[in-house]
Amino acid sequence: MENKINKIIMNRHFYIITFILSFSFASTAAHQDFFTFTDFGNIKVRIKTGYEYEEINKSYIIGQLAEKLAKELNYSDEIFLDFNHHYTSNCDPVYFISYDKGKIEYTSTERQENDYLNTDAIVVRQISRSFDVITTLKLLEYSIKNISQIKKSQRTIEYEENYCHWIIKTIDTNLIRKQLNMGNSDIIKKIANNKVVRSEKKYDAGISYYWKDNKFHLFPFSKPDTILLSLVNIYDFNIDGFTFDTDSSFFYLADRQPLFVSKRHIINNIYDNYEPLKIREISNSMFSLNFSYAPNGDGPKWKERTLIYQKKSDELIQDIEKLFEQR
């Protein structure tokens with residue numbers, strides 16, 4: 001294997017790879033969290049995150065299915081789905097349900113916000129690294145069917161976990177979890193049978209996906225009826241074909257004839273990186289994947305790591321810098 005890697009380095013791609021390694025495109029600068037807002041009929045969707053994660057598009061899929069669920073239950077009043085993306089690490093998902101204007105007060109006086117909604121509405125709020133479609137639909141179904149009880153039982157709480165310093169209203173969170181442990185209703189099963197395509201422009205080439213039956217189905221634009229791969233989760237995605245099912249594992253899919261699906265590649269030692277990897281095309285069959293990390297959690301001393309993926313051999317070189325150091 002070592003000889004094979006050395007041949008890759010010594011071949012005609014050597015100077016191109018050297019150039020890419022000399023041009024740092026990993027972002028180590030401080031960044032700021034941001035919100036995105038989208039409406040689907042009577043459904044308002046808000047997600048707070050730190051980068052252009054795929055959770056944004058997944059929240060849009062949830063919003064479209066929530067609109068279908070509300071219509072199925074003949075509920076036309078406003079509904080607010082509020083997603084707080086805990087993107088820096090895994091966490092146990094947290095759920096809140098209330099009937100109010102969606103405002104979050106903060107225990108720190110340095111930051112406050114106004115009412116998000118003009119009138120009281122069902123508010124389903126979540127904190128998680130990955131937002132599950134069926135979970136959200138179950139919470140919404142319960143909220144619509146029990147709106148009177150929610151109004152009576154909700155209480156104001158202080159929540160001081162997962163980087164949140166909130167004062168919000170919610171019903172008993174134990175009751176929420178109890179509801180999630182129950183099976184899916186016939187209405188949820190019906191809604192889950194709907195196909196929702198990722199929101200984006202239509203391209204002549206590349207890969208996209210749609211959600212149906214609690215899975216994400218990837219297909220080529222050139223053959224939209226052809227499913228190349230089905231996944232329970234998508235962590236990160238781009239139309240060029242790289243699809244991450246976790247923060248440290250990916251598949252490469254190609255719509256260039258013949259259609260191609262790689263094996264599942266595991267990135268060793270992802271360290272504390274939580275920013276989506278930067279991916280660049282070196283040639284028609286070779287890509288670089290780059291991320292930065294802080295050894296031992298020492299933020300000021302950032303290091304970079306570059307991996308090389310070769311489609312032709314379906315191989316992943318884990319750390320190209322180390323190979324150069326060994327030369």
# chains A, B, ... in the order shown; residues from 1 in each chain; ligands from 1
$ residues_around --residues "Glu55 of chain A" --least-positions-apart "4" --cutoff "9 Å" --atoms "only C-alpha atoms" --output "list in words"
Ile47, Thr49, Ser59, Tyr60, His85, Arg129, Ser130, Phe131, Ile234, Tyr235 and Asp236 of chain A
$ write_last_selection --atoms "N, CA and C atoms" --output "short mmCIF file (atom, residue, chain, number, x, y, z; two decimals), in the first residue's frame"
data_model
loop_
_atom_site.label_atom_id
_atom_site.label_comp_id
_atom_site.auth_asym_id
_atom_site.auth_seq_id
_atom_site.Cartn_x
_atom_site.Cartn_y
_atom_site.Cartn_z
N ILE A 47 -33.83 28.07 11.84
CA ILE A 47 -32.73 27.23 12.31
C ILE A 47 -31.53 28.12 12.61
N THR A 49 -27.50 27.97 13.32
CA THR A 49 -26.35 27.10 13.13
C THR A 49 -25.10 27.96 12.97
N SER A 59 -34.06 20.87 7.56
CA SER A 59 -35.13 21.57 8.26
C SER A 59 -36.20 22.04 7.28
N TYR A 60 -35.79 22.38 6.06
CA TYR A 60 -36.76 22.77 5.04
C TYR A 60 -37.63 21.58 4.63
N HIS A 85 -29.17 24.26 16.30
CA HIS A 85 -28.22 23.24 15.86
C HIS A 85 -27.00 23.19 16.78
N ARG A 129 -27.82 17.82 17.36
CA ARG A 129 -26.83 17.89 16.30
C ARG A 129 -27.43 17.46 14.96
N SER A 130 -28.47 16.63 15.03
CA SER A 130 -29.15 16.19 13.82
C SER A 130 -30.65 16.15 14.10
N PHE A 131 -31.43 16.73 13.23
CA PHE A 131 -32.87 16.83 13.46
C PHE A 131 -33.59 15.73 12.68
N ILE A 234 -27.97 12.27 6.66
CA ILE A 234 -26.98 13.00 5.86
C ILE A 234 -26.42 14.11 6.73
N TYR A 235 -25.13 14.06 6.99
CA TYR A 235 -24.47 15.07 7.82
C TYR A 235 -24.03 16.26 6.97
N ASP A 236 -23.44 15.96 5.82
CA ASP A 236 -23.01 17.02 4.91
C ASP A 236 -23.15 16.50 3.49
#
$ closest_atom_pairs --of "segment 41-94 of chain A" --to "segment 254-272 of chain A" --cutoff "12 Å" --atoms "only C-alpha atoms" --output "CSV"
residue,atom,partner,partner_atom,distance
A:Tyr87,CA,A:Asp272,CA,11.4
A:Thr88,CA,A:Asp272,CA,8.3
A:Ser89,CA,A:Asp272,CA,8.4
A:Asn90,CA,A:Asp272,CA,11.4
$ write_last_selection --atoms "N, CA and C atoms" --output "short mmCIF file (atom, residue, chain, number, x, y, z; two decimals), in the first residue's frame"
data_model
loop_
_atom_site.label_atom_id
_atom_site.label_comp_id
_atom_site.auth_asym_id
_atom_site.auth_seq_id
_atom_site.Cartn_x
_atom_site.Cartn_y
_atom_site.Cartn_z
N TYR A 87 -23.94 22.06 16.74
CA TYR A 87 -23.06 21.53 15.70
C TYR A 87 -21.65 21.20 16.19
N THR A 88 -21.24 21.67 17.37
CA THR A 88 -19.86 21.47 17.79
C THR A 88 -19.57 20.07 18.30
N SER A 89 -20.61 19.33 18.68
CA SER A 89 -20.42 17.98 19.20
C SER A 89 -21.78 17.30 19.31
N ASN A 90 -21.75 16.02 19.59
CA ASN A 90 -23.00 15.29 19.81
C ASN A 90 -23.61 15.72 21.15
#
$ select_by_dssp --residues "segment 49-204 of chain A" --states "strand (DSSP E)" --output "compact mmCIF listing (two decimals) with N, CA and C atoms, in the first residue's frame"
# COMPACT_ATOMS: atom_id res chain seq x y z
N THR A 49 -27.50 27.97 13.32
CA THR A 49 -26.35 27.10 13.13
C THR A 49 -25.10 27.96 12.97
N ILE A 79 -47.77 27.90 12.91
CA ILE A 79 -46.94 26.95 13.66
C ILE A 79 -45.49 27.37 13.50
N PHE A 80 -44.74 27.33 14.60
CA PHE A 80 -43.34 27.74 14.59
C PHE A 80 -42.46 26.56 14.95
N LEU A 81 -41.61 26.13 14.01
CA LEU A 81 -40.63 25.08 14.26
C LEU A 81 -39.26 25.75 14.42
N ASP A 82 -38.68 25.64 15.60
CA ASP A 82 -37.45 26.35 15.93
C ASP A 82 -36.34 25.33 16.21
N PHE A 83 -35.32 25.31 15.35
CA PHE A 83 -34.23 24.35 15.44
C PHE A 83 -32.95 25.04 15.91
N ASN A 84 -32.38 24.58 17.00
CA ASN A 84 -31.11 25.09 17.50
C ASN A 84 -30.06 24.00 17.26
N HIS A 85 -29.17 24.26 16.30
CA HIS A 85 -28.22 23.24 15.86
C HIS A 85 -27.00 23.19 16.78
N VAL A 94 -32.89 17.67 22.89
CA VAL A 94 -33.78 18.29 23.87
C VAL A 94 -34.97 18.88 23.11
N TYR A 95 -36.17 18.71 23.68
CA TYR A 95 -37.38 19.16 23.01
C TYR A 95 -38.24 19.99 23.95
N PHE A 96 -38.84 21.05 23.39
CA PHE A 96 -39.75 21.90 24.14
C PHE A 96 -41.00 22.16 23.29
N ILE A 97 -42.14 22.21 23.94
CA ILE A 97 -43.40 22.52 23.26
C ILE A 97 -44.13 23.59 24.06
N SER A 98 -44.61 24.62 23.37
CA SER A 98 -45.34 25.69 24.05
C SER A 98 -46.35 26.30 23.09
N TYR A 99 -47.14 27.22 23.65
CA TYR A 99 -48.08 28.00 22.85
C TYR A 99 -47.86 29.46 23.23
N ASP A 100 -47.09 30.18 22.40
CA ASP A 100 -46.75 31.57 22.69
C ASP A 100 -46.23 32.24 21.43
N GLU A 105 -36.16 34.52 25.98
CA GLU A 105 -35.46 35.48 26.84
C GLU A 105 -34.15 34.84 27.29
N TYR A 106 -33.18 35.67 27.56
CA TYR A 106 -31.86 35.15 27.92
C TYR A 106 -31.52 35.54 29.35
N ALA A 121 -48.87 30.98 19.04
CA ALA A 121 -48.94 29.84 18.11
C ALA A 121 -48.27 28.64 18.74
N ILE A 122 -48.48 27.48 18.14
CA ILE A 122 -47.76 26.27 18.56
C ILE A 122 -46.27 26.48 18.26
N VAL A 123 -45.44 26.23 19.26
CA VAL A 123 -43.99 26.34 19.11
C VAL A 123 -43.37 25.00 19.46
N VAL A 124 -42.68 24.40 18.51
CA VAL A 124 -41.93 23.16 18.75
C VAL A 124 -40.46 23.51 18.59
N ARG A 125 -39.72 23.44 19.70
CA ARG A 125 -38.32 23.89 19.73
C ARG A 125 -37.42 22.68 20.03
N GLN A 126 -36.29 22.60 19.31
CA GLN A 126 -35.39 21.46 19.48
C GLN A 126 -33.95 21.93 19.56
N ILE A 127 -33.15 21.17 20.32
CA ILE A 127 -31.70 21.33 20.35
C ILE A 127 -31.10 19.96 20.02
N SER A 128 -30.32 19.89 18.96
CA SER A 128 -29.75 18.60 18.57
C SER A 128 -28.66 18.82 17.54
N ARG A 155 -45.21 25.98 31.44
CA ARG A 155 -44.60 26.76 32.51
C ARG A 155 -43.35 27.46 31.97
N THR A 156 -42.96 28.53 32.63
CA THR A 156 -41.72 29.22 32.28
C THR A 156 -40.56 28.56 33.00
N ILE A 157 -39.50 28.22 32.26
CA ILE A 157 -38.33 27.55 32.85
C ILE A 157 -37.06 28.28 32.44
N GLU A 158 -36.00 28.04 33.18
CA GLU A 158 -34.66 28.46 32.79
C GLU A 158 -33.91 27.23 32.30
N TYR A 159 -33.35 27.34 31.13
CA TYR A 159 -32.59 26.23 30.55
C TYR A 159 -31.15 26.70 30.35
N TRP A 166 -31.40 30.18 28.35
CA TRP A 166 -32.74 30.57 27.93
C TRP A 166 -33.70 30.68 29.11
N ILE A 167 -34.68 31.55 28.90
CA ILE A 167 -35.90 31.56 29.70
C ILE A 167 -37.04 31.38 28.69
N ILE A 168 -37.70 30.24 28.74
CA ILE A 168 -38.72 29.91 27.74
C ILE A 168 -39.91 29.24 28.42
N LYS A 169 -40.98 29.10 27.68
CA LYS A 169 -42.13 28.34 28.13
C LYS A 169 -42.10 26.95 27.50
N THR A 170 -42.60 25.97 28.25
CA THR A 170 -42.69 24.62 27.73
C THR A 170 -43.61 23.79 28.62
N VAL A 196 -40.16 14.29 -0.65
CA VAL A 196 -39.78 15.71 -0.63
C VAL A 196 -38.34 15.82 -1.12
N VAL A 197 -38.15 16.54 -2.22
CA VAL A 197 -36.84 16.69 -2.82
C VAL A 197 -36.10 17.85 -2.17
$ atom_distance --atom1 "atom CA of His31 of chain A" --atom2 "atom CA of Gly50 of chain A"
7.3 Å
$ closest_residue --among "A:Thr119, A:Ser199, A:Asn42, A:Thr107" --to "Ser76 of chain A" --atoms "only C-alpha atoms"
A:Asn42
$ select_by_dssp --residues "segment 165-302 of chain A" --states "alpha helix (DSSP H)" --output "list in words"
Thr173, Asn174, Leu175, Ile176, Arg177, Lys178, Gln179, Leu180, Asp186, Ile187, Ile188, Lys189, Lys190, Ile191 and Ala192 of chain A
$ atom_distance --atom1 "atom CA of Val232 of chain A" --atom2 "atom CA of Thr36 of chain A"
24.1 Å
$ closest_residue --among "A:Asp213, A:Asp240, A:Glu141, A:Glu52" --to "Ala192 of chain A" --atoms "only C-alpha atoms"
A:Asp213
$ closest_residue --among "A:Ser283, A:Gln318, A:Ser148, A:Thr135" --to "Asn214 of chain A" --atoms "only C-alpha atoms"
A:Thr135
$ residues_around --residues "Ile187 of chain A" --least-positions-apart "2" --cutoff "10 Å" --atoms "only C-alpha atoms" --output "VMD selection string"
chain A and resid 69 72 to 73 137 to 138 141 184 to 185 189 to 192
